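Trainee: Here you go, input03.txt (compact mmCIF, C-alpha atoms):
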# COMPACT_ATOMS: atom_id res chain seq x y z
CA MET A 1 -26.83 -11.87 39.52
CA THR A 2 -28.75 -12.14 36.32
CA MET A 3 -27.35 -14.58 33.77
CA LYS A 4 -29.36 -13.16 30.92
CA LYS A 5 -26.91 -11.54 28.55
CA THR A 6 -28.60 -8.54 27.09
CA PHE A 7 -25.48 -7.13 25.47
CA SER A 8 -23.34 -8.93 22.92
CA ASP A 9 -19.59 -8.97 22.30
CA THR A 10 -20.20 -6.59 19.46
CA ASP A 11 -21.80 -4.16 21.90
CA LEU A 12 -18.81 -4.41 24.17
CA HIS A 13 -16.40 -3.46 21.39
CA MET A 14 -18.69 -0.69 20.20
CA ALA A 15 -18.78 0.74 23.70
CA LEU A 16 -14.98 0.60 23.89
CA ASP A 17 -14.60 2.43 20.60
CA GLY A 18 -17.23 5.08 21.20
CA GLU A 19 -19.59 3.60 18.64
CA MET A 20 -22.45 2.88 21.02
CA PRO A 21 -25.28 5.40 20.92
CA PRO A 22 -25.20 7.51 24.10
CA GLU A 23 -28.76 6.47 25.05
CA ARG A 24 -27.64 2.85 25.36
CA MET A 25 -24.53 3.57 27.41
CA ALA A 26 -26.32 3.92 30.77
CA GLU A 27 -28.04 0.61 30.26
CA PHE A 28 -24.76 -0.96 29.14
CA ASN A 29 -22.94 0.27 32.23
CA ARG A 30 -25.71 -1.12 34.43
CA TRP A 31 -25.33 -4.45 32.67
CA LEU A 32 -21.57 -4.37 33.31
CA ASP A 33 -22.19 -3.80 37.02
CA GLU A 34 -24.43 -6.82 37.11
CA ASN A 35 -21.89 -8.99 35.26
CA PRO A 36 -18.52 -8.74 37.00
CA ASP A 37 -16.81 -11.09 34.51
CA GLU A 38 -17.88 -8.97 31.58
CA LYS A 39 -16.93 -5.86 33.47
CA ALA A 40 -13.44 -7.20 34.17
CA ARG A 41 -13.08 -8.10 30.51
CA PHE A 42 -14.28 -4.66 29.43
CA GLN A 43 -11.90 -2.92 31.79
CA GLN A 44 -9.00 -5.07 30.65
CA PHE A 45 -9.72 -4.24 27.01
CA ALA A 46 -10.04 -0.55 27.90
CA GLU A 47 -6.66 -0.73 29.60
CA ASP A 48 -5.08 -2.45 26.59
CA ARG A 49 -6.61 0.16 24.34
CA LYS A 50 -5.05 2.91 26.42
CA SER A 51 -1.64 1.20 26.55
CA LEU A 52 -1.69 0.89 22.79
CA LYS A 53 -2.53 4.53 22.29
CA ASP A 54 0.00 5.68 24.89
CA ALA A 55 2.69 3.57 23.24
CA LEU A 56 2.07 4.97 19.77
CA ASP A 57 1.09 8.57 20.46
CA PRO A 58 4.65 9.83 21.01
CA VAL A 59 5.43 8.96 17.37
CA ALA A 60 3.07 11.70 16.20
CA GLY A 61 4.95 14.19 18.34
CA GLU A 62 8.39 13.34 16.94
CA PRO A 63 10.02 15.79 14.54
CA VAL A 64 9.28 14.74 10.98
CA PRO A 65 12.45 13.45 9.24
CA SER A 66 13.42 15.68 6.35
CA ARG A 67 13.28 12.83 3.87
CA LEU A 68 9.51 12.86 4.43
CA SER A 69 8.83 16.58 4.78
CA ALA A 70 10.91 17.22 1.66
CA ILE A 71 8.69 15.13 -0.60
CA ARG A 72 6.88 17.38 -3.04
CA SER A 73 4.62 17.07 -5.96
CA THR A 74 6.73 16.71 -9.10
CA ASN A 75 4.46 19.01 -11.11
CA ASP A 76 4.51 21.83 -8.62
CA ASN A 77 6.51 24.63 -10.18
CA SER A 78 5.60 27.49 -7.91
CA SER A 79 8.79 29.06 -6.66
CA GLY A 80 7.92 32.61 -5.71
CA GLY A 81 9.34 32.28 -2.24
CA PHE A 82 12.54 30.90 -3.62
CA ARG A 83 13.09 33.76 -6.05
CA SER A 84 12.49 36.47 -3.54
CA TRP A 85 14.86 34.68 -1.22
CA MET A 86 17.55 34.66 -3.91
CA ALA A 87 17.49 38.44 -3.99
CA ALA A 88 18.03 38.54 -0.25
CA ALA A 89 20.81 35.97 -0.50
CA ALA A 90 22.61 38.05 -3.09
CA VAL A 91 22.63 40.98 -0.71
CA VAL A 92 23.89 38.86 2.12
CA LEU A 93 26.68 37.43 -0.01
CA PHE A 94 27.67 40.83 -1.24
CA VAL A 95 27.94 42.15 2.29
CA ALA A 96 29.72 38.99 3.39
CA GLY A 97 32.54 40.08 1.20
CA GLY A 98 35.38 38.61 -0.73
CA ALA A 99 35.66 35.12 0.68
CA VAL A 100 33.80 33.69 -2.26
CA GLY A 101 34.56 36.41 -4.78
CA TYR A 102 30.91 36.82 -5.50
CA LEU A 103 30.35 37.65 -9.18
CA ALA A 104 34.02 38.45 -9.66
CA GLY A 105 35.42 36.58 -12.63
CA THR A 106 32.23 34.78 -13.51
CA GLN A 107 32.23 34.05 -17.20
CA PRO A 108 28.70 34.51 -18.45
CA GLY A 109 27.46 31.73 -20.66
CA GLU A 110 30.10 29.24 -19.66
CA ALA A 111 30.36 28.78 -15.93
CA PRO A 112 26.60 28.80 -15.21
CA ASN A 113 26.03 25.81 -17.49
CA GLU A 114 28.75 23.77 -15.94
CA ALA A 115 27.62 24.93 -12.54
CA SER A 116 24.00 23.99 -13.05
CA LEU A 117 25.06 20.59 -14.37
CA LEU A 118 27.08 20.18 -11.21
CA ALA A 119 24.05 21.13 -9.14
CA ASP A 120 21.90 18.59 -10.97
CA ASN A 121 24.44 15.84 -10.35
CA ALA A 122 24.88 16.78 -6.72
CA ILE A 123 21.16 16.90 -6.05
CA ALA A 124 20.51 13.64 -7.86
CA ALA A 125 23.24 11.95 -5.83
CA HIS A 126 21.88 13.43 -2.63
CA VAL A 127 18.30 12.42 -3.30
CA ILE A 128 19.34 8.88 -4.13
CA TYR A 129 21.81 8.22 -1.32
CA ALA A 130 20.33 10.30 1.51
CA ALA A 131 17.16 8.21 1.23
CA GLU A 132 19.21 5.01 1.28
CA LYS A 133 19.01 3.33 4.65
CA ARG A 134 21.55 0.55 4.56
CA HIS A 135 23.99 1.63 1.87
CA THR A 136 24.17 5.36 2.35
CA VAL A 137 27.94 5.42 2.00
CA GLU A 138 30.66 3.24 0.54
CA VAL A 139 33.17 3.98 3.27
CA GLY A 140 32.00 4.88 6.75
CA ALA A 141 33.21 7.62 9.08
CA ASN A 142 34.94 4.97 11.17
CA GLU A 143 37.52 4.79 8.34
CA LYS A 144 37.68 8.52 7.85
CA ASP A 145 41.40 8.76 7.05
CA HIS A 146 41.15 6.09 4.43
CA LEU A 147 37.99 7.66 3.04
CA VAL A 148 39.54 11.12 2.66
CA ALA A 149 42.79 9.78 1.19
CA TRP A 150 40.95 7.58 -1.29
CA LEU A 151 38.55 10.28 -2.48
CA SER A 152 41.35 12.87 -2.70
CA LYS A 153 43.33 10.54 -4.93
CA ARG A 154 40.41 9.68 -7.18
CA VAL A 155 39.04 13.20 -7.50
CA GLY A 156 42.47 14.77 -7.82
CA LEU A 157 42.06 17.35 -5.07
CA SER A 158 43.41 17.45 -1.58
CA LEU A 159 40.15 16.99 0.32
CA VAL A 160 39.07 17.17 3.90
CA ALA A 161 35.78 16.00 5.34
CA PRO A 162 34.67 19.28 6.95
CA ASN A 163 33.67 19.13 10.59
CA LEU A 164 30.01 20.20 10.82
CA GLU A 165 29.39 19.18 14.44
CA GLN A 166 28.52 22.74 15.46
CA TYR A 167 25.46 22.47 13.20
CA GLY A 168 24.59 19.12 14.74
CA PHE A 169 25.77 17.11 11.75
CA SER A 170 28.18 14.21 12.06
CA LEU A 171 29.98 12.52 9.22
CA VAL A 172 28.34 9.28 8.11
CA GLY A 173 30.94 8.55 5.44
CA GLY A 174 31.36 9.07 1.75
CA ARG A 175 31.34 7.62 -1.71
CA LEU A 176 32.90 8.06 -5.12
CA LEU A 177 30.57 9.16 -7.91
CA PRO A 178 30.89 9.79 -11.64
CA SER A 179 30.62 13.41 -12.76
CA GLY A 180 30.69 13.43 -16.53
CA GLU A 181 34.06 11.92 -17.37
CA ARG A 182 35.50 12.82 -14.00
CA ALA A 183 35.15 11.60 -10.47
CA ALA A 184 33.27 13.34 -7.69
CA ALA A 185 33.37 12.84 -3.95
CA GLN A 186 30.28 12.85 -1.79
CA PHE A 187 30.50 13.23 1.96
CA MET A 188 27.28 12.44 3.81
CA TYR A 189 26.34 13.92 7.19
CA GLU A 190 23.46 13.24 9.51
CA ASN A 191 22.00 14.98 12.57
CA GLN A 192 20.18 13.42 15.52
CA ASN A 193 16.81 13.71 13.78
CA GLY A 194 18.12 11.63 10.90
CA ASP A 195 18.18 14.65 8.57
CA ARG A 196 20.94 14.33 6.06
CA ILE A 197 23.06 16.75 4.13
CA SER A 198 25.77 15.96 1.63
CA LEU A 199 28.84 17.75 0.35
CA TYR A 200 29.70 17.07 -3.27
CA VAL A 201 33.11 18.01 -4.65
CA THR A 202 34.54 17.57 -8.12
CA THR A 203 36.85 19.26 -10.60
CA VAL A 204 35.62 21.33 -13.56
CA ASP A 205 37.17 22.89 -16.69
CA SER A 206 35.93 26.33 -15.91
CA LYS A 207 38.44 28.54 -14.16
CA GLY A 208 35.74 31.03 -13.18
CA GLU A 209 34.15 31.72 -9.84
CA THR A 210 30.46 31.84 -9.28
CA GLY A 211 29.86 32.58 -5.63
CA PHE A 212 27.17 30.62 -3.86
CA GLN A 213 24.13 29.82 -5.92
CA LEU A 214 20.96 28.30 -4.62
CA VAL A 215 18.88 25.76 -6.44
CA GLU A 216 15.84 23.81 -5.26
CA GLU A 217 14.52 20.77 -7.00
CA ARG A 218 13.18 17.34 -6.19
CA GLY A 219 12.50 18.40 -2.63
CA ALA A 220 16.16 19.13 -1.99
CA ARG A 221 17.91 22.45 -1.64
CA ALA A 222 21.50 22.98 -2.68
CA PHE A 223 24.10 25.69 -2.56
CA TYR A 224 26.73 25.24 -5.21
CA TRP A 225 29.72 27.18 -6.36
CA LEU A 226 32.67 26.98 -8.74
CA ASP A 227 36.04 28.27 -7.84
CA HIS A 228 39.10 28.05 -10.09
CA GLY A 229 38.72 24.55 -11.39
CA TYR A 230 36.80 22.84 -8.67
CA ALA A 231 33.12 22.70 -7.90
CA CYS A 232 31.23 22.11 -4.69
CA ALA A 233 27.63 21.66 -3.69
CA VAL A 234 26.01 21.27 -0.29
CA THR A 235 22.61 19.66 -0.50
CA GLY A 236 19.96 19.06 2.13
CA SER A 237 16.59 20.26 3.24
CA LEU A 238 17.66 22.68 5.93
CA GLU A 239 16.33 26.20 6.08
CA GLU A 240 18.15 28.31 3.51
CA ASP A 241 20.04 30.52 5.94
CA GLU A 242 21.22 27.54 7.96
CA LEU A 243 22.31 25.71 4.82
CA LEU A 244 24.17 28.77 3.56
CA LYS A 245 25.98 29.22 6.84
CA LEU A 246 26.95 25.59 6.82
CA SER A 247 28.04 25.74 3.16
CA ARG A 248 30.29 28.69 3.78
CA ASP A 249 31.86 26.96 6.73
CA ALA A 250 32.38 23.74 4.76
CA TYR A 251 33.98 25.79 1.99
CA ARG A 252 36.25 27.57 4.43
CA GLN A 253 37.43 24.24 5.83
CA LEU A 254 38.00 22.82 2.37
CA VAL A 255 40.15 25.68 1.12
CA SER A 256 42.10 26.15 4.31
CA SER A 257 43.13 22.51 4.16
CA ASP A 258 45.52 23.10 1.30
CA ASP A 259 46.36 25.50 -1.49
CA TRP A 260 43.78 24.39 -3.99
CA MET B 261 -1.86 22.73 -5.69
CA LYS B 262 0.02 24.39 -2.83
CA ASP B 263 -2.96 23.98 -0.48
CA ARG B 264 -3.28 20.32 -1.34
CA GLN B 265 0.41 19.82 -0.78
CA LYS B 266 0.17 21.51 2.59
CA ALA B 267 -2.82 19.39 3.55
CA ILE B 268 -0.89 16.24 2.68
CA LEU B 269 2.25 17.26 4.54
CA ALA B 270 0.18 18.13 7.62
CA GLU B 271 -0.85 14.47 7.87
CA ILE B 272 2.72 13.16 8.12
CA PRO B 273 2.80 12.88 11.94
CA ARG B 274 -0.36 10.74 11.93
CA LEU B 275 0.86 8.68 9.00
CA ARG B 276 4.09 7.99 10.84
CA ARG B 277 2.19 6.92 13.95
CA TYR B 278 0.01 4.54 11.96
CA ALA B 279 3.00 3.20 10.05
CA ARG B 280 4.80 2.50 13.32
CA SER B 281 1.86 0.45 14.50
CA LEU B 282 2.02 -1.60 11.31
CA MET B 283 5.79 -1.99 11.33
CA ARG B 284 7.84 -1.97 14.50
CA ASP B 285 11.11 -0.96 12.88
CA SER B 286 11.09 2.83 12.63
CA ASP B 287 13.15 2.94 9.43
CA ARG B 288 10.84 0.53 7.68
CA ALA B 289 7.84 2.45 9.00
CA ASP B 290 9.22 5.69 7.58
CA ASP B 291 9.94 3.90 4.30
CA LEU B 292 6.24 3.04 4.22
CA VAL B 293 5.31 6.69 4.84
CA GLN B 294 7.72 7.81 2.14
CA ASP B 295 6.29 5.36 -0.39
CA SER B 296 2.78 6.50 0.51
CA LEU B 297 3.57 10.19 0.14
CA GLU B 298 5.28 9.62 -3.18
CA ARG B 299 2.31 7.70 -4.47
CA ALA B 300 -0.06 10.37 -3.15
CA PHE B 301 1.81 13.11 -4.97
CA ARG B 302 1.87 11.08 -8.17
CA ARG B 303 -1.86 10.52 -7.96
CA MET B 304 -2.95 13.88 -6.71
CA GLU B 305 -5.60 14.05 -9.42
CA ASN B 306 -7.30 11.01 -7.84
CA TRP B 307 -7.91 13.00 -4.72
CA GLN B 308 -11.41 14.27 -5.08
CA THR B 309 -12.15 17.81 -4.08
CA GLY B 310 -13.68 17.94 -0.65
CA GLU B 311 -12.43 14.49 0.27
CA ASN B 312 -10.72 14.33 3.62
CA PRO B 313 -6.96 14.03 2.89
CA ARG B 314 -6.49 11.90 5.98
CA ARG B 315 -8.76 9.08 4.80
CA TRP B 316 -7.34 9.27 1.30
CA LEU B 317 -3.74 9.03 2.56
CA PHE B 318 -4.48 6.24 5.03
CA THR B 319 -6.10 4.28 2.22
CA ILE B 320 -2.99 4.68 0.08
CA MET B 321 -0.77 3.63 2.95
CA HIS B 322 -2.88 0.62 3.75
CA ASN B 323 -2.72 -0.60 0.16
CA ILE B 324 1.06 -0.29 0.09
CA PHE B 325 1.33 -2.03 3.46
CA ILE B 326 -0.77 -4.96 2.29
CA ASP B 327 1.34 -5.27 -0.87
CA THR B 328 4.48 -5.28 1.28
CA VAL B 329 3.11 -7.93 3.62
CA ARG B 330 2.16 -10.16 0.71
CA LYS B 331 5.56 -9.78 -0.92
CA GLU B 332 7.32 -10.61 2.32
CA GLN B 333 5.13 -13.61 2.92
CA ARG B 334 6.04 -14.90 -0.53
CA ARG B 335 9.73 -14.27 0.07
CA GLY B 336 9.58 -15.59 3.60
CA GLU B 337 11.36 -12.50 4.86
CA VAL B 338 11.71 -12.19 8.60
CA ILE B 339 9.95 -9.16 10.01
CA PRO B 340 11.76 -7.79 13.03
CA ILE B 341 9.23 -7.89 15.81
CA SER B 342 11.22 -6.22 18.50
CA GLU B 343 13.90 -3.62 18.74
CA MET B 344 15.52 -2.75 22.00
CA ASP B 345 15.50 0.96 22.59
CA GLY B 346 18.85 2.11 23.83
CA SER B 347 17.41 4.76 26.11
CA GLN B 348 18.97 5.45 29.46
CA VAL B 349 17.61 4.05 32.68
CA LYS B 350 14.91 6.43 33.87
CA SER B 351 12.88 6.61 37.05
CA GLY B 352 11.06 3.45 38.03
CA ALA B 353 7.66 4.68 36.89
CA GLU B 354 8.96 6.01 33.60
CA GLN B 355 10.85 2.82 32.97
CA HIS B 356 7.80 0.76 33.70
CA GLU B 357 5.82 2.88 31.26
CA LYS B 358 8.45 2.23 28.59
CA LEU B 359 8.34 -1.48 29.24
CA VAL B 360 4.58 -1.55 28.96
CA ALA B 361 4.83 0.38 25.70
CA ARG B 362 7.48 -1.96 24.34
CA ASP B 363 5.47 -4.96 25.37
CA VAL B 364 2.26 -3.81 23.78
CA LEU B 365 4.05 -2.83 20.56
CA ASP B 366 5.81 -6.18 20.40
CA ALA B 367 2.51 -7.97 20.93
CA LEU B 368 0.85 -5.83 18.28
CA GLN B 369 3.40 -7.04 15.75
CA GLN B 370 2.50 -10.63 16.47
CA ILE B 371 -1.17 -10.35 15.65
CA ASP B 372 -2.59 -10.81 12.20
CA PRO B 373 -1.78 -7.77 10.00
CA ASP B 374 -5.41 -7.24 8.96
CA ARG B 375 -6.53 -7.23 12.58
CA ARG B 376 -3.62 -5.04 13.58
CA ALA B 377 -4.66 -2.44 10.98
CA ALA B 378 -8.32 -2.53 11.98
CA LEU B 379 -7.57 -2.22 15.68
CA THR B 380 -5.10 0.66 15.40
CA LEU B 381 -7.18 2.65 12.92
CA VAL B 382 -9.99 2.71 15.44
CA ALA B 383 -8.26 2.59 18.82
CA VAL B 384 -5.23 4.78 18.07
CA GLU B 385 -6.06 6.84 15.01
CA GLY B 386 -9.59 7.54 16.18
CA PHE B 387 -11.41 6.66 12.97
CA SER B 388 -15.05 5.65 13.26
CA TYR B 389 -16.01 2.10 12.26
CA ALA B 390 -17.46 3.45 9.02
CA GLU B 391 -14.31 5.38 8.16
CA ALA B 392 -12.00 2.48 9.03
CA ALA B 393 -14.09 0.08 6.96
CA GLY B 394 -13.78 2.52 4.05
CA ILE B 395 -9.99 2.77 4.41
CA LEU B 396 -9.60 -1.01 4.55
CA ASP B 397 -12.24 -1.50 1.88
CA VAL B 398 -14.14 -4.16 3.84
CA PRO B 399 -17.76 -4.36 5.03
CA ALA B 400 -18.44 -2.99 8.52
CA GLY B 401 -19.13 -6.50 9.82
CA THR B 402 -15.70 -7.67 8.72
CA LEU B 403 -14.09 -4.66 10.34
CA MET B 404 -15.87 -5.35 13.61
CA SER B 405 -14.87 -8.97 13.69
CA ARG B 406 -11.26 -8.02 12.95
CA ILE B 407 -11.30 -5.57 15.84
CA ALA B 408 -12.81 -8.14 18.21
CA ARG B 409 -10.36 -10.86 17.22
CA GLY B 410 -7.45 -8.46 17.20
CA ARG B 411 -8.26 -7.44 20.76
CA ASP B 412 -8.54 -11.04 21.91
CA GLU B 413 -5.27 -11.91 20.22
CA LEU B 414 -3.49 -8.94 21.77
CA ARG B 415 -4.87 -9.71 25.23
CA ASN B 416 -3.79 -13.34 25.01
CA LEU B 417 -0.27 -12.25 24.14
CA LEU B 418 -0.14 -9.64 26.89
CA GLY B 419 -1.68 -12.01 29.40
CA ASP B 420 0.83 -14.74 28.64
CA PRO B 421 2.53 -15.41 32.00
CA GLY B 422 5.88 -15.91 30.25
CA ARG B 423 5.74 -12.35 29.03
CA SER B 424 4.71 -10.75 32.29
CA ARG B 425 7.43 -12.62 34.11
CA THR B 426 9.95 -11.04 31.75
CA ILE B 427 8.62 -7.63 32.68
CA ARG B 428 9.08 -8.24 36.36
CA VAL B 429 12.62 -9.57 35.94
CA VAL B 430 13.69 -6.58 33.85
CA GLU B 431 12.28 -4.15 36.39
Represent the structure from my file as structure tokens, please.

Mentor:
Amino acid sequence: MTMKKTFSDTDLHMALDGEMPPERMAEFNRWLDENPDEKARFQQFAEDRKSLKDALDPVAGEPVPSRLSAIRSTNDNSSGGFRSWMAAAAVVLFVAGGAVGYLAGTQPGEAPNEASLLADNAIAAHVIYAAEKRHTVEVGANEKDHLVAWLSKRVGLSLVAPNLEQYGFSLVGGRLLPSGERAAAQFMYENQNGDRISLYVTTVDSKGETGFQLVEERGARAFYWLDHGYACAVTGSLEEDELLKLSRDAYRQLVSSDDW
Amino acid sequence: MKDRQKAILAEIPRLRRYARSLMRDSDRADDLVQDSLERAFRRMENWQTGENPRRWLFTIMHNIFIDTVRKEQRRGEVIPISEMDGSQVKSGAEQHEKLVARDVLDALQQIDPDRRAALTLVAVEGFSYAEAAGILDVPAGTLMSRIARGRDELRNLLGDPGRSRTIRVVE
């Protein structure tokens, strides 16, 4: 066994990390064979390197949480896809029929303003609280009855927290929010990937109906609608058709709960 | 603009993996990714044409990570070094694999943050020494000594008989 160390520690790490020129590798391996201690050390490091990579690699294969995939450049205004989708959505809603009274009774010039203000508020509240880790809601789903009773009283509507389990979303809880001079309720839901959607409900002056309208801003996507004095928005970063389906279902559950 | 956005979003899985090596808690790791993406989008004009988005984004993330570490050191905040995963009991081999993974990730959190970053950039993220030195903004010699010391530190932690005994008992 030769004691002459012809390779340094630096060489050893370079060999581990693929930084050693290929022409030196054969010589390096020969040196390892002649120095069992160094070889054991090299193999141990190689094993640690593999354990580390194996432990972390699965993270790259996980589905990306929507709070990350939804982040967009603030000065990106391109929305071609969105507009063409709106046309398709209008057709779908028209075919879907009277449940939402699409276009019927909409008062041009009045309802849209109030509605878009609603959408802004709902999206802002969603963006802020859906990204919140520890204080997402004021009252958790474990106190659901109290939550619903409290928000109903404050908002002035008989509310329910719609069941969205069939879409994979469970209730996290809710909070009370200001909406102009009135109060709004926000129910937050989460699926197993940690994606969140929120339902925002408040009262409005307008007695018109708008049908479902889609708006996308700040990386969030919302369907909102006004209906005879109340206003709702469902916000999240689901695919549009999934979000629409879920919105319609949430709406159905809200109105069937009571005679609004 | 759209292409750049797409290129940035395509890096998210790798950014999440790197963040998880820096911070064990997955929520905090994703917070780090979120902060990095937001900064990247705010500073899109700093991204030079032709520059690899991966290196650019990792540089941004590293800077935010270092700021976070410094702030926490000043505040004396406790960094959670271990989180039990609540996964079901699997087959023996699978369970052993999980334990090894948990052990190595726990140990990684205990080594010096600069060494942790250097080691994972090279050994997990597959950057060359030159690229990693660029991301960390240190000379190549510094990078290499961080990698060497990081590896020694990790091995000492993993080779600690107290730790390996725990593994055997849990199995």

Trainee: Could you check which of A:Arg196, A:His146, A:Lys245, A:Arg49 is closest to Tyr129 of chain A, using all atoms listed in the file?

Mentor: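 The shortest atom-to-atom distance to Tyr129 of chain A comes from A:Arg196.
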
Trainee: Do me a favour and pick out the residues of chain B within 8 Å of chain A, using all atoms listed in the file, as a VMD selection string.

Mentor: chain B and resid 261 to 262 265 269 272 to 274 276 to 277 280 to 281 287 290 293 to 294 297 to 298 301 to 302 358 360 to 362 364 to 365 382 to 384 388 to 389 404 407 to 408 411 415

Trainee: Kindly export the residues of the current selection with C-alpha atoms, as a compact mmCIF listing (two decimals), keeping the file's coordinate frame.

Mentor:
# COMPACT_ATOMS: atom_id res chain seq x y z
CA MET B 261 -1.86 22.73 -5.69
CA LYS B 262 0.02 24.39 -2.83
CA GLN B 265 0.41 19.82 -0.78
CA LEU B 269 2.25 17.26 4.54
CA ILE B 272 2.72 13.16 8.12
CA PRO B 273 2.80 12.88 11.94
CA ARG B 274 -0.36 10.74 11.93
CA ARG B 276 4.09 7.99 10.84
CA ARG B 277 2.19 6.92 13.95
CA ARG B 280 4.80 2.50 13.32
CA SER B 281 1.86 0.45 14.50
CA ASP B 287 13.15 2.94 9.43
CA ASP B 290 9.22 5.69 7.58
CA VAL B 293 5.31 6.69 4.84
CA GLN B 294 7.72 7.81 2.14
CA LEU B 297 3.57 10.19 0.14
CA GLU B 298 5.28 9.62 -3.18
CA PHE B 301 1.81 13.11 -4.97
CA ARG B 302 1.87 11.08 -8.17
CA LYS B 358 8.45 2.23 28.59
CA VAL B 360 4.58 -1.55 28.96
CA ALA B 361 4.83 0.38 25.70
CA ARG B 362 7.48 -1.96 24.34
CA VAL B 364 2.26 -3.81 23.78
CA LEU B 365 4.05 -2.83 20.56
CA VAL B 382 -9.99 2.71 15.44
CA ALA B 383 -8.26 2.59 18.82
CA VAL B 384 -5.23 4.78 18.07
CA SER B 388 -15.05 5.65 13.26
CA TYR B 389 -16.01 2.10 12.26
CA MET B 404 -15.87 -5.35 13.61
CA ILE B 407 -11.30 -5.57 15.84
CA ALA B 408 -12.81 -8.14 18.21
CA ARG B 411 -8.26 -7.44 20.76
CA ARG B 415 -4.87 -9.71 25.23

Trainee: Could you work out how far atom CA of Asn323 of chain B lies from atom CA of Ala393 of chain B, giving the answer in Å with one decimal?

Mentor: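 Going from atom CA of Ala393 of chain B over to atom CA of Asn323 of chain B covers 13.3 Å.
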
Trainee: Report, in Å to a single decimal, how far apart atom CA of Ala183 of chain A and atom CA of Trp225 of chain A are.

Mentor: 17.0 Å

Trainee: Pick the closest to Glu216 of chain A from A:Val204, A:Gly236, A:Phe7, A:Glu27: which is it, counting only C-alpha atoms?

Mentor: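 Smallest distance to Glu216 of chain A is found for A:Gly236.
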
Trainee: Which residue, A:Glu181, A:Asp145, A:Asp37, A:Glu217, has the smallest gap to Ser237 of chain A when you use all atoms listed in the file?

Mentor: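 Among the listed residues, A:Glu217 lies closest to Ser237 of chain A.
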
Trainee: Hey, can you check how far atom CA of Leu238 of chain A sits from atom CA of Ser66 of chain A?

Mentor: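 Interatomic distance, atom CA of Leu238 of chain A to atom CA of Ser66 of chain A: 8.2 Å.
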
Trainee: In terms of the shortest atom-to-atom distance over all atoms listed in the file, which of A:Thr203, A:Gln166, A:Ser158, A:Gln43 is closest to Glu242 of chain A?

Mentor: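 Checking each candidate against Glu242 of chain A, we get A:Gln166 as the closest.
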
Trainee: Write out as a PyMOL selection string which residues come within 12 Å of Leu147 of chain A when counting all atoms listed in the file, dropping same-chain ones fewer than 2 positions away.

Mentor: chain A and resi 137-145+149-155+159-161+171-176+185-188

Trainee: From the options B:Asp366, B:Arg288, B:Arg409, B:Leu418, which residue's atoms come nearest to Glu47 of chain A, counting all atoms listed in the file?

Mentor: B:Leu418

Trainee: Quick one: residues within 12 Å of Leu254 of chain A, all atoms listed in the file, excluding same-chain residues fewer than 6 positions away - as a ChimeraX atom specification?

Mentor: /A:148,152,157-164,199-201,227,230-232,247-248,260
